[in-house]
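Undergrad: start-v4.txt is reproduced below (compact mmCIF, C-alpha atoms and all ligand atoms).
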```txt
# COMPACT_ATOMS: atom_id res chain seq x y z
CA MET A 13 -8.13 -10.71 52.04
CA SER A 14 -10.95 -13.25 51.81
CA THR A 15 -14.48 -12.29 52.88
CA GLU A 16 -14.29 -14.44 56.00
CA ASN A 17 -11.10 -12.77 57.21
CA ARG A 18 -12.86 -9.47 57.77
CA ARG A 19 -15.67 -10.97 59.79
CA ILE A 20 -16.26 -10.83 63.53
CA THR A 21 -14.55 -13.95 64.86
CA VAL A 22 -15.98 -16.39 67.37
CA PRO A 23 -13.71 -15.08 70.20
CA GLN A 24 -14.58 -11.46 69.31
CA PHE A 25 -18.28 -12.34 69.34
CA ALA A 26 -18.00 -14.08 72.72
CA ALA A 27 -15.97 -11.15 74.13
CA LEU A 28 -18.83 -8.71 73.45
CA LYS A 29 -20.43 -9.91 76.69
CA ALA A 30 -17.44 -8.95 78.87
CA ALA A 31 -17.26 -5.63 76.99
CA GLY A 32 -20.87 -4.94 77.99
CA ARG A 33 -21.94 -4.62 74.33
CA LYS A 34 -25.42 -5.88 73.45
CA ILE A 35 -25.28 -8.41 70.61
CA THR A 36 -27.66 -8.34 67.66
CA MET A 37 -28.45 -11.39 65.52
CA LEU A 38 -30.92 -12.08 62.71
CA THR A 39 -31.61 -15.02 60.45
CA ALA A 40 -30.85 -15.02 56.72
CA TYR A 41 -31.28 -17.69 54.10
CA ASP A 42 -30.09 -16.08 50.86
CA PHE A 43 -27.46 -13.75 49.36
CA ALA A 44 -29.55 -10.58 48.96
CA MET A 45 -31.00 -10.49 52.46
CA ALA A 46 -27.72 -11.50 54.09
CA LYS A 47 -26.00 -8.59 52.32
CA LEU A 48 -28.58 -6.11 53.65
CA ILE A 49 -28.41 -7.43 57.20
CA ASP A 50 -24.61 -7.33 57.08
CA ALA A 51 -24.66 -3.75 55.75
CA ALA A 52 -26.80 -2.73 58.73
CA GLY A 53 -24.07 -3.80 61.15
CA ILE A 54 -25.67 -6.81 62.81
CA GLU A 55 -23.03 -8.86 64.68
CA GLY A 56 -24.32 -12.37 63.96
CA ILE A 57 -26.25 -13.96 61.11
CA LEU A 58 -27.89 -17.33 61.64
CA VAL A 59 -28.86 -19.56 58.75
CA GLY A 60 -31.65 -21.01 60.89
CA ASP A 61 -33.56 -24.21 60.33
CA SER A 62 -36.57 -21.87 60.61
CA MET A 63 -35.93 -21.83 56.84
CA SER A 64 -37.99 -25.02 56.78
CA MET A 65 -41.04 -22.93 57.74
CA VAL A 66 -40.48 -19.40 56.41
CA VAL A 67 -38.78 -20.28 53.11
CA GLN A 68 -39.87 -23.83 52.35
CA GLY A 69 -43.39 -23.56 53.76
CA HIS A 70 -43.29 -26.64 56.01
CA GLU A 71 -45.32 -26.65 59.23
CA ASN A 72 -42.26 -27.19 61.45
CA THR A 73 -38.45 -27.24 61.30
CA LEU A 74 -38.07 -31.00 60.98
CA PRO A 75 -38.16 -31.51 57.17
CA VAL A 76 -35.20 -29.30 56.15
CA THR A 77 -32.17 -31.43 55.24
CA LEU A 78 -28.45 -30.98 55.79
CA ASP A 79 -27.90 -30.53 52.04
CA GLU A 80 -30.57 -27.82 51.91
CA MET A 81 -29.06 -26.02 54.92
CA ILE A 82 -25.65 -26.08 53.23
CA TYR A 83 -27.11 -24.88 49.91
CA HIS A 84 -28.63 -21.80 51.58
CA ALA A 85 -25.68 -21.25 53.93
CA GLU A 86 -23.42 -21.06 50.85
CA MET A 87 -25.49 -18.11 49.56
CA VAL A 88 -25.28 -16.35 52.92
CA GLY A 89 -21.58 -17.16 53.21
CA ARG A 90 -20.88 -15.48 49.87
CA ALA A 91 -22.65 -12.28 50.98
CA VAL A 92 -21.39 -11.62 54.49
CA GLN A 93 -18.27 -9.54 55.09
CA HIS A 94 -18.62 -8.39 58.70
CA ALA A 95 -21.00 -10.53 60.75
CA LEU A 96 -20.27 -13.88 62.36
CA VAL A 97 -22.06 -16.56 60.29
CA VAL A 98 -23.65 -19.44 62.21
CA VAL A 99 -25.52 -22.34 60.59
CA ASP A 100 -28.15 -24.49 62.30
CA MET A 101 -27.59 -28.23 62.41
CA PRO A 102 -30.91 -29.64 61.19
CA PHE A 103 -32.74 -32.57 62.76
CA PRO A 104 -31.31 -35.27 63.10
CA SER A 105 -27.82 -34.35 61.87
CA PHE A 106 -26.36 -34.36 65.41
CA HIS A 107 -28.48 -37.08 67.02
CA LEU A 108 -26.62 -40.10 65.67
CA GLY A 109 -23.54 -39.91 67.86
CA LYS A 110 -20.63 -37.55 68.11
CA TYR A 111 -18.70 -38.88 65.10
CA LYS A 112 -21.66 -38.41 62.77
CA ALA A 113 -22.17 -34.95 64.28
CA ILE A 114 -18.51 -34.04 63.58
CA GLU A 115 -18.89 -35.31 60.00
CA ASN A 116 -22.05 -33.26 59.43
CA ALA A 117 -20.87 -30.10 61.18
CA GLY A 118 -17.55 -30.47 59.36
CA ARG A 119 -19.41 -30.49 56.03
CA ILE A 120 -21.21 -27.26 57.03
CA LEU A 121 -17.94 -25.51 57.88
CA LYS A 122 -16.11 -26.82 54.79
CA GLU A 123 -18.83 -26.12 52.25
CA ALA A 124 -20.63 -23.04 53.52
CA ARG A 125 -18.00 -20.43 54.47
CA CYS A 126 -19.50 -20.10 57.93
CA GLN A 127 -17.67 -19.96 61.25
CA ALA A 128 -19.88 -21.91 63.65
CA VAL A 129 -22.83 -24.25 63.97
CA LYS A 130 -25.85 -24.04 66.25
CA LEU A 131 -27.56 -27.04 67.73
CA GLU A 132 -30.57 -27.52 69.98
CA GLY A 133 -29.77 -29.07 73.32
CA GLY A 134 -28.04 -28.76 76.65
CA VAL A 135 -27.44 -31.64 79.05
CA GLU A 136 -28.33 -34.40 76.58
CA GLN A 137 -26.13 -32.92 73.83
CA ALA A 138 -23.15 -32.16 76.11
CA GLU A 139 -21.04 -34.96 74.63
CA VAL A 140 -21.72 -33.73 71.07
CA ILE A 141 -21.00 -30.08 71.96
CA GLU A 142 -17.72 -31.15 73.54
CA ALA A 143 -16.74 -33.34 70.58
CA LEU A 144 -17.46 -30.58 68.06
CA SER A 145 -15.75 -27.85 70.10
CA SER A 146 -12.64 -29.94 70.62
CA SER A 147 -12.57 -30.70 66.87
CA GLY A 148 -12.34 -26.99 66.08
CA ILE A 149 -16.03 -26.55 65.31
CA PRO A 150 -17.44 -23.66 67.39
CA VAL A 151 -20.89 -24.40 68.78
CA MET A 152 -23.72 -22.06 69.68
CA ALA A 153 -26.10 -24.05 71.88
CA HIS A 154 -29.89 -23.53 71.98
CA VAL A 155 -31.97 -24.26 75.08
CA GLY A 156 -35.46 -23.46 76.30
CA LEU A 157 -38.06 -23.99 73.61
CA ARG A 158 -36.42 -26.31 71.11
CA PRO A 159 -38.55 -26.35 67.97
CA GLN A 160 -37.03 -29.65 66.76
CA ASN A 161 -38.70 -31.20 69.84
CA VAL A 162 -42.15 -30.02 68.79
CA HIS A 163 -43.74 -33.47 68.79
CA CYS A 164 -42.48 -34.33 72.29
CA LEU A 165 -43.54 -30.92 73.59
CA GLY A 166 -46.93 -31.06 71.85
CA GLY A 167 -46.51 -27.51 70.52
CA TYR A 168 -44.50 -24.33 70.93
CA SER A 169 -44.95 -23.26 74.53
CA VAL A 170 -42.90 -21.17 76.97
CA GLN A 171 -40.49 -23.43 78.90
CA ARG A 172 -40.60 -22.72 82.65
CA ASP A 173 -38.62 -25.48 84.38
CA ARG A 174 -35.93 -23.36 86.07
CA GLU A 175 -33.78 -26.29 87.27
CA ASN A 176 -33.72 -27.95 83.85
CA LEU A 177 -33.06 -24.69 82.02
CA LEU A 178 -30.15 -23.79 84.31
CA ALA A 179 -28.74 -27.31 84.03
CA ASP A 180 -28.97 -27.20 80.21
CA ALA A 181 -27.29 -23.79 80.02
CA LYS A 182 -24.47 -24.77 82.38
CA ALA A 183 -23.93 -28.07 80.55
CA ALA A 184 -23.68 -26.23 77.22
CA GLU A 185 -21.12 -23.81 78.62
CA SER A 186 -19.00 -26.42 80.37
CA SER A 187 -18.99 -28.56 77.20
CA GLY A 188 -17.44 -25.72 75.23
CA ALA A 189 -20.30 -23.76 73.63
CA PHE A 190 -19.19 -20.19 72.90
CA ALA A 191 -22.71 -18.73 73.13
CA ILE A 192 -26.22 -19.94 73.80
CA VAL A 193 -29.65 -19.13 72.40
CA LEU A 194 -32.42 -18.95 75.02
CA GLU A 195 -35.80 -19.39 73.34
CA CYS A 196 -39.15 -18.65 74.96
CA ILE A 197 -38.33 -18.80 78.64
CA PRO A 198 -39.42 -16.42 81.43
CA ALA A 199 -37.33 -13.25 81.56
CA GLU A 200 -36.39 -13.87 85.22
CA ILE A 201 -34.85 -17.27 84.41
CA ALA A 202 -33.07 -15.82 81.36
CA ARG A 203 -31.61 -13.08 83.56
CA GLU A 204 -30.37 -15.65 86.09
CA ILE A 205 -28.78 -17.76 83.32
CA THR A 206 -27.20 -14.66 81.79
CA GLN A 207 -25.72 -13.67 85.16
CA THR A 208 -24.50 -17.21 85.84
CA LEU A 209 -22.76 -17.91 82.52
CA ALA A 210 -19.58 -16.32 81.19
CA ILE A 211 -20.67 -16.98 77.57
CA PRO A 212 -23.20 -14.66 75.90
CA THR A 213 -26.88 -15.50 75.97
CA ILE A 214 -28.87 -14.61 72.85
CA GLY A 215 -32.56 -14.33 73.61
CA ILE A 216 -35.66 -14.87 71.54
CA GLY A 217 -38.72 -14.54 73.74
CA ALA A 218 -36.42 -14.46 76.78
CA GLY A 219 -36.65 -10.84 77.93
CA VAL A 220 -34.40 -7.83 77.74
CA ASP A 221 -31.64 -8.95 80.10
CA CYS A 222 -30.03 -11.44 77.72
CA ASP A 223 -26.64 -10.41 76.33
CA GLY A 224 -28.14 -10.20 72.86
CA GLN A 225 -31.30 -10.78 70.84
CA ILE A 226 -32.18 -12.73 67.71
CA LEU A 227 -35.28 -12.62 65.51
CA VAL A 228 -36.35 -14.48 62.42
CA MET A 229 -35.92 -11.94 59.58
CA HIS A 230 -39.28 -12.77 57.99
CA ASP A 231 -41.01 -12.00 61.31
CA LEU A 232 -39.17 -8.67 61.74
CA LEU A 233 -40.13 -7.60 58.20
CA GLY A 234 -43.77 -8.61 58.54
CA LEU A 235 -43.46 -11.28 55.85
CA THR A 236 -44.62 -14.23 57.93
CA PRO A 237 -48.05 -15.50 56.91
CA GLY A 238 -50.66 -15.76 59.66
CA ARG A 239 -50.23 -14.95 63.32
CA THR A 240 -46.83 -13.80 64.59
CA PRO A 241 -45.74 -15.13 67.97
CA ARG A 242 -45.97 -12.83 71.03
CA HIS A 243 -42.18 -12.43 71.35
CA VAL A 244 -41.87 -10.97 67.84
CA LYS A 245 -41.77 -7.24 67.16
CA VAL A 246 -42.73 -6.49 63.57
CA TYR A 247 -40.55 -3.58 62.39
CA ALA A 248 -41.91 -3.29 58.83
CA ASP A 249 -45.03 -4.30 56.94
CA LEU A 250 -43.44 -5.75 53.82
CA LYS A 251 -46.35 -8.12 53.24
CA THR A 252 -48.64 -5.17 52.51
CA GLN A 253 -45.96 -3.36 50.51
CA VAL A 254 -45.20 -6.39 48.33
CA ILE A 255 -48.88 -7.07 47.61
CA GLY A 256 -49.33 -3.34 46.84
CA ALA A 257 -46.37 -3.24 44.43
CA VAL A 258 -47.38 -6.46 42.68
CA SER A 259 -51.01 -5.30 42.33
CA GLN A 260 -49.88 -1.97 40.84
CA TYR A 261 -47.66 -3.81 38.33
CA ARG A 262 -50.57 -6.14 37.45
CA ASP A 263 -52.91 -3.16 36.86
CA GLU A 264 -50.38 -1.18 34.79
CA VAL A 265 -49.64 -4.15 32.52
CA ARG A 266 -53.38 -4.75 32.02
CA GLU A 267 -54.01 -1.01 31.32
CA GLY A 268 -51.03 -0.71 28.96
CA THR A 269 -49.25 1.92 31.10
CA PHE A 270 -46.22 -0.28 31.81
CA PRO A 271 -43.76 -0.18 30.14
CA ASP A 272 -43.82 3.52 29.16
CA ASP A 273 -41.20 5.48 27.21
CA ARG A 274 -38.68 5.42 30.07
CA GLN A 275 -38.49 1.62 30.03
CA THR A 276 -38.57 1.31 26.23
CA PHE A 277 -35.68 1.07 23.72
CA HIS A 278 -35.98 2.71 20.26
O1 LIG A 301 -33.94 -21.51 63.29
C1 LIG A 301 -33.95 -20.38 63.80
O2 LIG A 301 -34.27 -19.37 63.15
C2 LIG A 301 -33.59 -20.27 65.20
C3 LIG A 301 -33.76 -18.94 65.86
C4 LIG A 301 -35.19 -18.65 66.05
C5 LIG A 301 -33.00 -18.84 67.11
O3 LIG A 301 -33.19 -21.21 65.79
```
Kindly transcribe the structure held in the file into C-alpha cells.
Ligand code: KIV
TA:
Amino acid sequence: MSTENRRITVPQFAALKAAGRKITMLTAYDFAMAKLIDAAGIEGILVGDSMSMVVQGHENTLPVTLDEMIYHAEMVGRAVQHALVVVDMPFPSFHLGKYKAIENAGRILKEARCQAVKLEGGVEQAEVIEALSSSGIPVMAHVGLRPQNVHCLGGYSVQRDRENLLADAKAAESSGAFAIVLECIPAEIAREITQTLAIPTIGIGAGVDCDGQILVMHDLLGLTPGRTPRHVKVYADLKTQVIGAVSQYRDEVREGTFPDDRQTFH
C-alpha cells in the first residue's frame, strides 16, 4: 500500500468535528521534521508558506514561490504515513483567476504527494475555492489575519470585524472548503464561527473553542529568532539546546577531546 493510502483522508479529517475530537495540526517543511510530527500522532501537517520566514529568512510570506513550496512539500510528502498533508498556495498562485488556480493547485497535488491545498481568503476567493473543490482539489480556507495581505493591513494585527469574519467563513464553507483556519481573531468570534459552520475550524490565535489548533513548528520548538507572537506557546527551548550542543562540539574540537577512541577506527 502506498504511503498516502494509510493517511487520514479529507473526509475523515472533516468528520473529526462531528465526532467531537479535537484536531491537531503543525507545520513542517522537510522530511525529518515531518516524520517526527507524524510519529507523534498529529492529524494534519501543513507545508505552510510561513516557510518563507522561518526557513528562508524572508521578512514576510510573500517571496516564497510555487516551485519552492512544491520542492519542500515533496520532502514532507515522502515522510508522512498517517497525517493529512495540506500545502499552502503561495502568493499570488491563486489570484490570477480560477483556471490558473486550478493549474497551480493541480501541480501541487500531482507533484507533492499531498491531499489538499490551503489558501488565504473567504468571500473574495469563493469562486476559486468552488472551482478547485469541484475539480477534485480539496481546499482548506484561511480567514482572519491573512499574512499574504500584510501590506494592505499594515502589519500583523488581530482582526476584529465580526460581520466580515462571519461572511468570509460562511463563504468558504458554502464554496466547498472542507476546513478553515482562523488566524488571530477574538476567541468569542471564533467560537461563534465554530458553532455556525459544519466544517472544522482550526485556530491559531483564535482561542480554545475552535475544533482544532495549528502552530508553526519552529515557534513550538523555540527555534524562531526574536520575539514570538502572543498566541504562541513555546513547548521546548531548542534554540538554547542547539547553541549549547554546537558550542560544546566547537570546544571539544579545539581542545582535542573530540573525536576520542569511541569515534575512532584503528
Ligand atoms: O503558513 C502557515 O504556517 C500558516 C499557519 C500559520 C496557519 O498559514
Undergrad: Would you list the residues near (-29.7, -12.5, 84.4) (no more than 8 Å away, in the coordinates of the file, using only C-alpha atoms) as a list in words?
TA: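 Those within range, by chain then number, are Glu200, Ile201, Ala202, Arg203, Glu204, Ile205, Thr206, Gln207, Thr208, Asp221 and Cys222 of chain A.
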Undergrad: With a distance cut-off of 7 Å and only C-alpha atoms, select the neighbouring residues of Thr21 (chain A), excluding the residue or stretch itself and same-chain residues fewer than 3 positions from it, and output the selection as a short mmCIF file (atom, residue, chain, number, x, y, z; two decimals) with C-alpha atoms, keeping the file's coordinate frame.
TA:
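Produced file out.cif, reproduced below:
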```
data_model
loop_
_atom_site.label_atom_id
_atom_site.label_comp_id
_atom_site.auth_asym_id
_atom_site.auth_seq_id
_atom_site.Cartn_x
_atom_site.Cartn_y
_atom_site.Cartn_z
CA GLN A 24 -14.58 -11.46 69.31
CA PHE A 25 -18.28 -12.34 69.34
CA LEU A 96 -20.27 -13.88 62.36
#
```
Undergrad: Return as a list in words every polymer residue, whether protein, DNA or RNA, with at least one atom no more than 6 Å from an atom of ligand LIG 301 (chain A); count only C-alpha atoms and all ligand atoms.
TA: Thr39, Gly60, Asp61, Ser62 and Val228 of chain A
Undergrad: Dig up all the protein and nucleic acid residues within 10 Å of (-30.6, -30.6, 61.8) in the file frame, using only C-alpha atoms, and format them as a list in words.
TA: Gly60, Asp61, Thr73, Leu74, Pro75, Val76, Thr77, Leu78, Met81, Val99, Asp100, Met101, Pro102, Phe103, Pro104, Ser105, Phe106, His107, Ala113, Asn116, Ala117, Lys130, Leu131, Glu132 and Gln160 of chain A
Undergrad: Env of Leu235 (chain A): 12 Å cut, atoms = all atoms listed in the file, seq-sep filter 3 positions within chain, self excluded. Answer as a ChimeraX atom specification.
TA: /A:66-67,228-232,238-240,246-255
Undergrad: Which distance in Å separates CA of Ala95 (chain A) and CA of Arg33 (chain A), to one decimal?
TA: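 Straight-line distance from CA of Ala95 (chain A) to CA of Arg33 (chain A) works out to 14.8 Å.
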Undergrad: For each of A:Val140, A:Ile226, A:Val170, A:Val244, take the minimum atom-to-atom distance to Gly188 (chain A), counting only C-alpha atoms, then give the residue where this is smallest.
TA: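 Smallest separation from Gly188 (chain A) among the options: A:Val140.
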Undergrad: From the list A:Ile82, A:Leu194, A:Ala143, A:Ala181, which residue is nearest Lys112 (chain A) when using all atoms listed in the file?
TA: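 Residue with the minimum atom-to-atom distance to Lys112 (chain A): A:Ala143.
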Undergrad: Report as lines of an AutoDock Vina configuration file the centre and the edge lengths, in Å to one decimal, of the axis-aligned box holding every listed atom of region 50-57 of chain A, padded by 8 Å on each side.
TA:
```
center_x = -24.9
center_y = -8.3
center_z = 60.2
size_x = 19.8
size_y = 27.2
size_z = 24.9
```
Undergrad: Quick one: region 233-250 of chain A with N, CA and C atoms, as an mmCIF file, in the coordinates of the input?
TA:
```cif
data_model
loop_
_atom_site.group_PDB
_atom_site.id
_atom_site.type_symbol
_atom_site.label_atom_id
_atom_site.label_comp_id
_atom_site.auth_asym_id
_atom_site.auth_seq_id
_atom_site.Cartn_x
_atom_site.Cartn_y
_atom_site.Cartn_z
ATOM 1 N N LEU A 233 -39.704 -8.370 59.384
ATOM 2 C CA LEU A 233 -40.130 -7.600 58.200
ATOM 3 C C LEU A 233 -41.627 -7.710 57.933
ATOM 4 N N GLY A 234 -42.331 -8.469 58.769
ATOM 5 C CA GLY A 234 -43.770 -8.610 58.540
ATOM 6 C C GLY A 234 -44.092 -9.445 57.314
ATOM 7 N N LEU A 235 -43.241 -10.432 57.033
ATOM 8 C CA LEU A 235 -43.460 -11.280 55.850
ATOM 9 C C LEU A 235 -44.067 -12.630 56.216
ATOM 10 N N THR A 236 -44.156 -12.912 57.513
ATOM 11 C CA THR A 236 -44.620 -14.230 57.930
ATOM 12 C C THR A 236 -46.130 -14.330 57.749
ATOM 13 N N PRO A 237 -46.601 -15.367 57.051
ATOM 14 C CA PRO A 237 -48.050 -15.500 56.910
ATOM 15 C C PRO A 237 -48.701 -15.853 58.248
ATOM 16 N N GLY A 238 -49.920 -15.404 58.440
ATOM 17 C CA GLY A 238 -50.660 -15.760 59.660
ATOM 18 C C GLY A 238 -50.192 -14.998 60.884
ATOM 19 N N ARG A 239 -50.479 -15.589 62.025
ATOM 20 C CA ARG A 239 -50.230 -14.950 63.320
ATOM 21 C C ARG A 239 -48.732 -14.942 63.649
ATOM 22 N N THR A 240 -48.231 -13.791 64.138
ATOM 23 C CA THR A 240 -46.830 -13.800 64.590
ATOM 24 C C THR A 240 -46.813 -14.066 66.100
ATOM 25 N N PRO A 241 -45.791 -14.813 66.542
ATOM 26 C CA PRO A 241 -45.740 -15.130 67.970
ATOM 27 C C PRO A 241 -45.573 -13.876 68.830
ATOM 28 N N ARG A 242 -45.979 -13.962 70.104
ATOM 29 C CA ARG A 242 -45.970 -12.830 71.030
ATOM 30 C C ARG A 242 -44.595 -12.184 71.165
ATOM 31 N N HIS A 243 -43.523 -12.983 71.095
ATOM 32 C CA HIS A 243 -42.180 -12.430 71.350
ATOM 33 C C HIS A 243 -41.636 -11.644 70.160
ATOM 34 N N VAL A 244 -42.356 -11.649 69.043
ATOM 35 C CA VAL A 244 -41.870 -10.970 67.840
ATOM 36 C C VAL A 244 -42.301 -9.508 67.852
ATOM 37 N N LYS A 245 -41.369 -8.609 67.480
ATOM 38 C CA LYS A 245 -41.770 -7.240 67.160
ATOM 39 C C LYS A 245 -41.634 -7.074 65.652
ATOM 40 N N VAL A 246 -42.721 -6.645 65.025
ATOM 41 C CA VAL A 246 -42.730 -6.490 63.570
ATOM 42 C C VAL A 246 -42.303 -5.060 63.247
ATOM 43 N N TYR A 247 -41.124 -4.911 62.629
ATOM 44 C CA TYR A 247 -40.550 -3.580 62.390
ATOM 45 C C TYR A 247 -40.935 -2.993 61.033
ATOM 46 N N ALA A 248 -41.500 -3.789 60.153
ATOM 47 C CA ALA A 248 -41.910 -3.290 58.830
ATOM 48 C C ALA A 248 -43.070 -4.134 58.348
ATOM 49 N N ASP A 249 -43.875 -3.556 57.461
ATOM 50 C CA ASP A 249 -45.030 -4.300 56.940
ATOM 51 C C ASP A 249 -44.798 -4.630 55.471
ATOM 52 N N LEU A 250 -43.782 -5.452 55.216
ATOM 53 C CA LEU A 250 -43.440 -5.750 53.820
ATOM 54 C C LEU A 250 -44.508 -6.559 53.099
#
```
